[in-house]
$ cat work-v8.pdb   # PDB, C-alpha atoms and all ligand atoms
MODEL        1
ATOM      1  CA  MET A1127      50.645  42.078-111.849
ATOM      2  CA  LYS A1128      51.088  44.314-108.826
ATOM      3  CA  ASN A1129      53.861  46.913-108.921
ATOM      4  CA  LEU A1130      55.220  45.920-112.341
ATOM      5  CA  ASP A1131      55.167  49.585-113.355
ATOM      6  CA  ARG A1132      57.809  50.328-110.694
ATOM      7  CA  PHE A1133      60.295  48.377-112.812
ATOM      8  CA  ILE A1134      59.549  50.293-116.014
ATOM      9  CA  GLU A1135      61.219  53.646-116.623
ATOM     10  CA  THR A1136      59.878  56.234-119.068
ATOM     11  CA  TYR A1137      62.385  58.332-121.037
ATOM     12  CA  ASP A1138      60.877  61.331-122.816
ATOM     13  CA  ASP A1139      62.105  62.231-126.305
ATOM     14  CA  PHE A1140      63.975  58.941-126.863
ATOM     15  CA  PRO A1141      65.009  57.828-129.455
ATOM     16  CA  LYS A1142      63.276  60.793-131.132
ATOM     17  CA  LYS A1143      61.534  63.948-129.959
ATOM     18  CA  GLY A1144      57.910  63.247-128.998
ATOM     19  CA  ILE A1145      58.434  59.571-128.104
ATOM     20  CA  ALA A1146      57.991  58.543-124.469
ATOM     21  CA  PHE A1147      60.217  55.467-124.461
ATOM     22  CA  LYS A1148      59.355  52.676-122.024
ATOM     23  CA  ASP A1149      62.486  50.958-120.744
ATOM     24  CA  LEU A1150      61.579  47.475-119.491
ATOM     25  CA  LEU A1151      65.110  46.369-118.641
ATOM     26  CA  GLY A1152      64.524  47.007-114.925
ATOM     27  CA  ILE A1153      62.237  43.953-114.896
ATOM     28  CA  MET A1154      65.153  41.618-115.622
ATOM     29  CA  GLN A1155      67.184  43.294-112.882
ATOM     30  CA  ASP A1156      64.814  41.752-110.322
ATOM     31  CA  SER A1157      64.787  38.005-110.918
ATOM     32  CA  GLN A1158      61.676  37.462-108.790
ATOM     33  CA  VAL A1159      59.661  40.050-110.735
ATOM     34  CA  PHE A1160      60.924  38.688-114.051
ATOM     35  CA  ARG A1161      60.010  35.151-113.015
ATOM     36  CA  GLU A1162      56.539  36.200-111.847
ATOM     37  CA  LEU A1163      55.964  38.054-115.116
ATOM     38  CA  ILE A1164      57.008  35.088-117.270
ATOM     39  CA  ILE A1165      54.784  32.700-115.295
ATOM     40  CA  LYS A1166      51.876  35.100-115.758
ATOM     41  CA  MET A1167      52.533  35.440-119.491
ATOM     42  CA  CYS A1168      52.721  31.643-119.865
ATOM     43  CA  SER A1169      49.272  31.302-118.258
ATOM     44  CA  ASN A1170      47.737  33.508-120.968
ATOM     45  CA  GLN A1171      45.310  31.800-123.356
ATOM     46  CA  VAL A1172      47.199  33.209-126.355
ATOM     47  CA  ILE A1173      50.195  31.062-125.338
ATOM     48  CA  LYS A1174      48.147  28.037-124.334
ATOM     49  CA  ASP A1175      46.374  27.957-127.708
ATOM     50  CA  ALA A1176      49.612  28.084-129.701
ATOM     51  CA  GLU A1177      51.818  25.278-130.882
ATOM     52  CA  ALA A1178      54.803  27.655-130.997
ATOM     53  CA  ILE A1179      55.686  31.270-130.351
ATOM     54  CA  VAL A1180      57.248  33.875-132.590
ATOM     55  CA  SER A1181      59.389  36.515-130.872
ATOM     56  CA  ILE A1182      60.119  39.897-132.390
ATOM     57  CA  GLU A1183      63.647  41.393-132.445
ATOM     58  CA  ALA A1184      65.090  42.539-130.179
ATOM     59  CA  ARG A1185      63.375  43.017-126.834
ATOM     60  CA  GLY A1186      60.732  40.450-127.773
ATOM     61  CA  PHE A1187      63.515  37.846-127.697
ATOM     62  CA  ILE A1188      64.069  38.409-123.964
ATOM     63  CA  PHE A1189      60.469  37.644-123.032
ATOM     64  CA  GLY A1190      59.898  35.129-125.824
ATOM     65  CA  SER A1191      62.876  32.977-124.849
ATOM     66  CA  ALA A1192      61.798  32.822-121.220
ATOM     67  CA  ILE A1193      58.190  32.031-122.206
ATOM     68  CA  SER A1194      59.418  29.320-124.567
ATOM     69  CA  PHE A1195      61.527  27.781-121.800
ATOM     70  CA  HIS A1196      58.836  27.919-119.126
ATOM     71  CA  SER A1197      55.919  26.803-121.304
ATOM     72  CA  SER A1198      57.905  24.210-123.289
ATOM     73  CA  LYS A1199      56.631  25.769-126.527
ATOM     74  CA  PRO A1200      59.110  26.021-129.397
ATOM     75  CA  MET A1201      60.160  29.500-130.526
ATOM     76  CA  ILE A1202      60.933  30.978-133.911
ATOM     77  CA  VAL A1203      62.096  34.565-134.478
ATOM     78  CA  ALA A1204      61.188  37.561-136.633
ATOM     79  CA  ARG A1205      64.329  39.610-137.301
ATOM     80  CA  LYS A1206      65.369  42.872-138.863
ATOM     81  CA  PRO A1207      67.119  42.955-142.275
ATOM     82  CA  GLY A1208      70.497  41.303-142.735
ATOM     83  CA  LYS A1209      70.375  39.154-139.596
ATOM     84  CA  LEU A1210      68.959  35.804-140.691
ATOM     85  CA  PRO A1211      70.633  33.251-142.986
ATOM     86  CA  GLY A1212      68.862  30.947-145.438
ATOM     87  CA  GLU A1213      65.683  31.396-147.427
ATOM     88  CA  LEU A1214      63.534  34.131-145.901
ATOM     89  CA  ILE A1215      60.046  35.553-146.146
ATOM     90  CA  GLN A1216      59.881  39.298-145.623
ATOM     91  CA  GLU A1217      57.310  42.065-144.967
ATOM     92  CA  ASN A1218      57.652  45.838-144.559
ATOM     93  CA  TYR A1219      56.061  47.899-141.760
ATOM     94  CA  ASN A1220      55.877  51.374-140.184
ATOM     95  CA  LEU A1221      57.137  51.966-136.631
ATOM     96  CA  GLU A1222      56.022  54.574-134.113
ATOM     97  CA  TYR A1223      59.444  56.046-134.925
ATOM     98  CA  GLY A1224      60.559  54.950-138.401
ATOM     99  CA  LYS A1225      60.256  52.264-141.062
ATOM    100  CA  ASN A1226      61.621  48.751-141.193
ATOM    101  CA  SER A1227      61.065  45.220-142.400
ATOM    102  CA  LEU A1228      61.006  41.856-140.664
ATOM    103  CA  SER A1229      61.900  38.388-141.890
ATOM    104  CA  ILE A1230      61.295  34.811-140.777
ATOM    105  CA  GLN A1231      63.193  31.757-141.993
ATOM    106  CA  LYS A1232      60.901  29.941-144.406
ATOM    107  CA  GLU A1233      61.853  26.490-143.081
ATOM    108  CA  ALA A1234      61.226  27.510-139.445
ATOM    109  CA  LEU A1235      57.705  28.705-140.206
ATOM    110  CA  LYS A1236      56.878  25.419-141.941
ATOM    111  CA  LYS A1237      57.388  23.452-138.712
ATOM    112  CA  PHE A1238      54.312  24.606-136.770
ATOM    113  CA  ASN A1239      50.750  25.634-137.587
ATOM    114  CA  THR A1240      49.643  28.003-134.803
ATOM    115  CA  TYR A1241      51.722  30.869-133.435
ATOM    116  CA  ALA A1242      51.495  33.307-130.509
ATOM    117  CA  ILE A1243      53.262  36.596-131.296
ATOM    118  CA  ILE A1244      55.432  37.957-128.447
ATOM    119  CA  ASP A1245      56.910  41.417-128.085
ATOM    120  CA  ASP A1246      57.859  43.733-125.215
ATOM    121  CA  LEU A1247      55.459  46.537-126.090
ATOM    122  CA  LEU A1248      52.458  47.285-128.307
ATOM    123  CA  ALA A1249      52.400  50.857-129.633
ATOM    124  CA  THR A1250      50.800  51.504-133.056
ATOM    125  CA  GLY A1251      50.695  47.776-133.796
ATOM    126  CA  GLY A1252      52.660  48.063-137.046
ATOM    127  CA  THR A1253      55.416  45.707-135.943
ATOM    128  CA  ALA A1254      53.118  42.938-134.723
ATOM    129  CA  LYS A1255      50.885  43.390-137.774
ATOM    130  CA  CYS A1256      53.913  42.786-139.986
ATOM    131  CA  VAL A1257      54.631  39.520-138.167
ATOM    132  CA  ALA A1258      50.961  38.506-138.300
ATOM    133  CA  ASN A1259      51.018  39.075-142.071
ATOM    134  CA  LEU A1260      54.162  36.966-142.418
ATOM    135  CA  ILE A1261      52.444  34.102-140.615
ATOM    136  CA  LYS A1262      49.017  34.386-142.263
ATOM    137  CA  ASN A1263      50.315  34.964-145.791
ATOM    138  CA  ASN A1264      52.181  31.694-145.468
ATOM    139  CA  GLY A1265      49.119  29.680-144.543
ATOM    140  CA  LYS A1266      49.617  29.588-140.768
ATOM    141  CA  LYS A1267      47.394  30.769-137.900
ATOM    142  CA  VAL A1268      47.971  33.447-135.237
ATOM    143  CA  THR A1269      46.471  32.597-131.828
ATOM    144  CA  GLY A1270      47.037  36.142-130.614
ATOM    145  CA  LEU A1271      49.484  38.836-129.602
ATOM    146  CA  LEU A1272      50.932  39.039-126.097
ATOM    147  CA  THR A1273      53.071  41.950-124.896
ATOM    148  CA  VAL A1274      54.285  43.137-121.508
ATOM    149  CA  VAL A1275      53.133  46.738-122.057
ATOM    150  CA  GLU A1276      50.386  48.226-124.217
ATOM    151  CA  LEU A1277      50.256  51.962-125.007
ATOM    152  CA  ILE A1278      46.485  52.225-124.827
ATOM    153  CA  GLU A1279      46.139  55.695-126.404
ATOM    154  CA  LEU A1280      47.609  54.515-129.705
ATOM    155  CA  ASN A1281      44.901  51.850-130.018
ATOM    156  CA  GLY A1282      47.247  49.440-131.802
ATOM    157  CA  ARG A1283      44.931  46.560-130.909
ATOM    158  CA  SER A1284      42.334  47.837-133.412
ATOM    159  CA  LYS A1285      44.618  46.540-136.195
ATOM    160  CA  PHE A1286      44.057  42.913-135.205
ATOM    161  CA  ASN A1287      41.241  40.433-135.627
ATOM    162  CA  PHE A1288      42.730  38.004-133.108
ATOM    163  CA  PRO A1289      43.083  38.240-129.292
ATOM    164  CA  VAL A1290      45.454  40.933-128.038
ATOM    165  CA  SER A1291      46.657  40.759-124.461
ATOM    166  CA  SER A1292      49.111  42.712-122.318
ATOM    167  CA  ILE A1293      50.181  42.546-118.700
ATOM    168  CA  LEU A1294      50.317  46.314-118.173
ATOM    169  CA  SER A1295      48.487  49.222-119.821
ATOM    170  CA  ALA A1296      50.294  52.555-120.012
TER     171      ALA A1296
HETATM  172  P1  LIG B1301      54.553  49.516-132.901
HETATM  173  O1  LIG B1301      54.902  48.831-134.182
HETATM  174  O2  LIG B1301      54.265  50.974-133.112
HETATM  175  O3  LIG B1301      53.474  48.789-132.151
HETATM  176  O4  LIG B1301      55.853  49.510-132.009
HETATM  177  C1  LIG B1301      56.180  48.406-131.234
HETATM  178  C2  LIG B1301      57.656  48.085-131.323
HETATM  179  O5  LIG B1301      58.477  49.250-131.232
HETATM  180  C3  LIG B1301      58.070  47.196-130.188
HETATM  181  O6  LIG B1301      59.000  46.243-130.702
HETATM  182  C4  LIG B1301      58.706  48.123-129.178
HETATM  183  O7  LIG B1301      59.879  47.550-128.652
HETATM  184  C5  LIG B1301      59.041  49.391-129.951
HETATM  185  N1  LIG B1301      58.447  50.598-129.378
HETATM  186  C6  LIG B1301      57.537  51.419-129.971
HETATM  187  N2  LIG B1301      57.211  52.449-129.208
HETATM  188  C7  LIG B1301      57.903  52.285-128.069
HETATM  189  C8  LIG B1301      57.962  53.023-126.837
HETATM  190  N3  LIG B1301      57.230  54.132-126.649
HETATM  191  N4  LIG B1301      58.770  52.561-125.850
HETATM  192  C9  LIG B1301      59.490  51.418-126.038
HETATM  193  N5  LIG B1301      59.474  50.693-127.164
HETATM  194  C10 LIG B1301      58.694  51.109-128.169
ENDMDL
END
$ encode --input "work-v8.pdb" --output "structure tokens"
Amino acid sequence: MKNLDRFIETYDDFPKKGIAFKDLLGIMQDSQVFRELIIKMCSNQVIKDAEAIVSIEARGFIFGSAISFHSSKPMIVARKPGKLPGELIQENYNLEYGKNSLSIQKEALKKFNTYAIIDDLLATGGTAKCVANLIKNNGKKVTGLLTVVELIELNGRSKFNFPVSSILSA
């Protein structure tokens, strides 16, 4: 997508020293750019092949919700600890800046068989790997990972044995 990078701001040393944080919020501040991006993401094979999508908290929800709406694919969510009610399945993971765990509602995951994973950005791949493990360990299939931005140098995509796609490489 032409000029998408103009809507992404880089903040050095945020939230920790050494991290060049990509702020994607400028995309949503231009409704035409946001719309164009969502249409492009919906045309990706990773989405087409999936019965449903799984969005990752929190910025993944922004893109995931819009993709779900535009593609008419149902969405489930992977959330950080203490946020989801009901019976959960949980996995731990390492972030580019810290440690965390993600959970999915067990009943939600039962509803569909193939999932596209959606997040705003792929860095080391730890977050998406955690979600992929949640899906696979519960007998379901991942069609692929789709993000807006991929930090190429970190080679997060090497962690996955399914298609990995991004709109912009940084
Ligand atoms: P990773 O697990 O290392 O692939 O990190 C990806 C997750 O952390 C995504 O949910 C991103 O929102 C966030 N993240 C990691 N690194 C950055 C960065 N440099 N700029 C913005 N978000 C980041």
$ residues_near_ligand --input "work-v8.pdb" --ligand "ligand LIG 1301 (chain B)" --cutoff "9 Å" --atoms "only C-alpha atoms and all ligand atoms" --output "ChimeraX atom specification"
/A:1136-1138,1140-1141,1145-1150,1182-1186,1219-1223,1245-1256,1273,1275-1277,1280,1282-1283
$ residues_around --input "work-v8.pdb" --residues "A:Thr1240" --least-positions-apart "4" --cutoff "8 Å" --atoms "all atoms listed in the file" --output "VMD selection string"
chain A and resid 1175 to 1178 1266 to 1269
$ closest_residue --input "work-v8.pdb" --among "A:Ile1179, A:Ala1242, A:Ile1165, A:Val1172" --to "A:Ile1202" --atoms "only C-alpha atoms"
A:Ile1179
$ residues_around --input "work-v8.pdb" --residues "A:Ile1215" --least-positions-apart "4" --cutoff "6 Å" --atoms "all atoms listed in the file" --output "PyMOL selection string"
chain A and resi 1229-1230+1232
$ atom_distance --input "work-v8.pdb" --atom1 "atom CA of A:Ile1134" --atom2 "atom CA of A:Ile1153"
7.0 Å
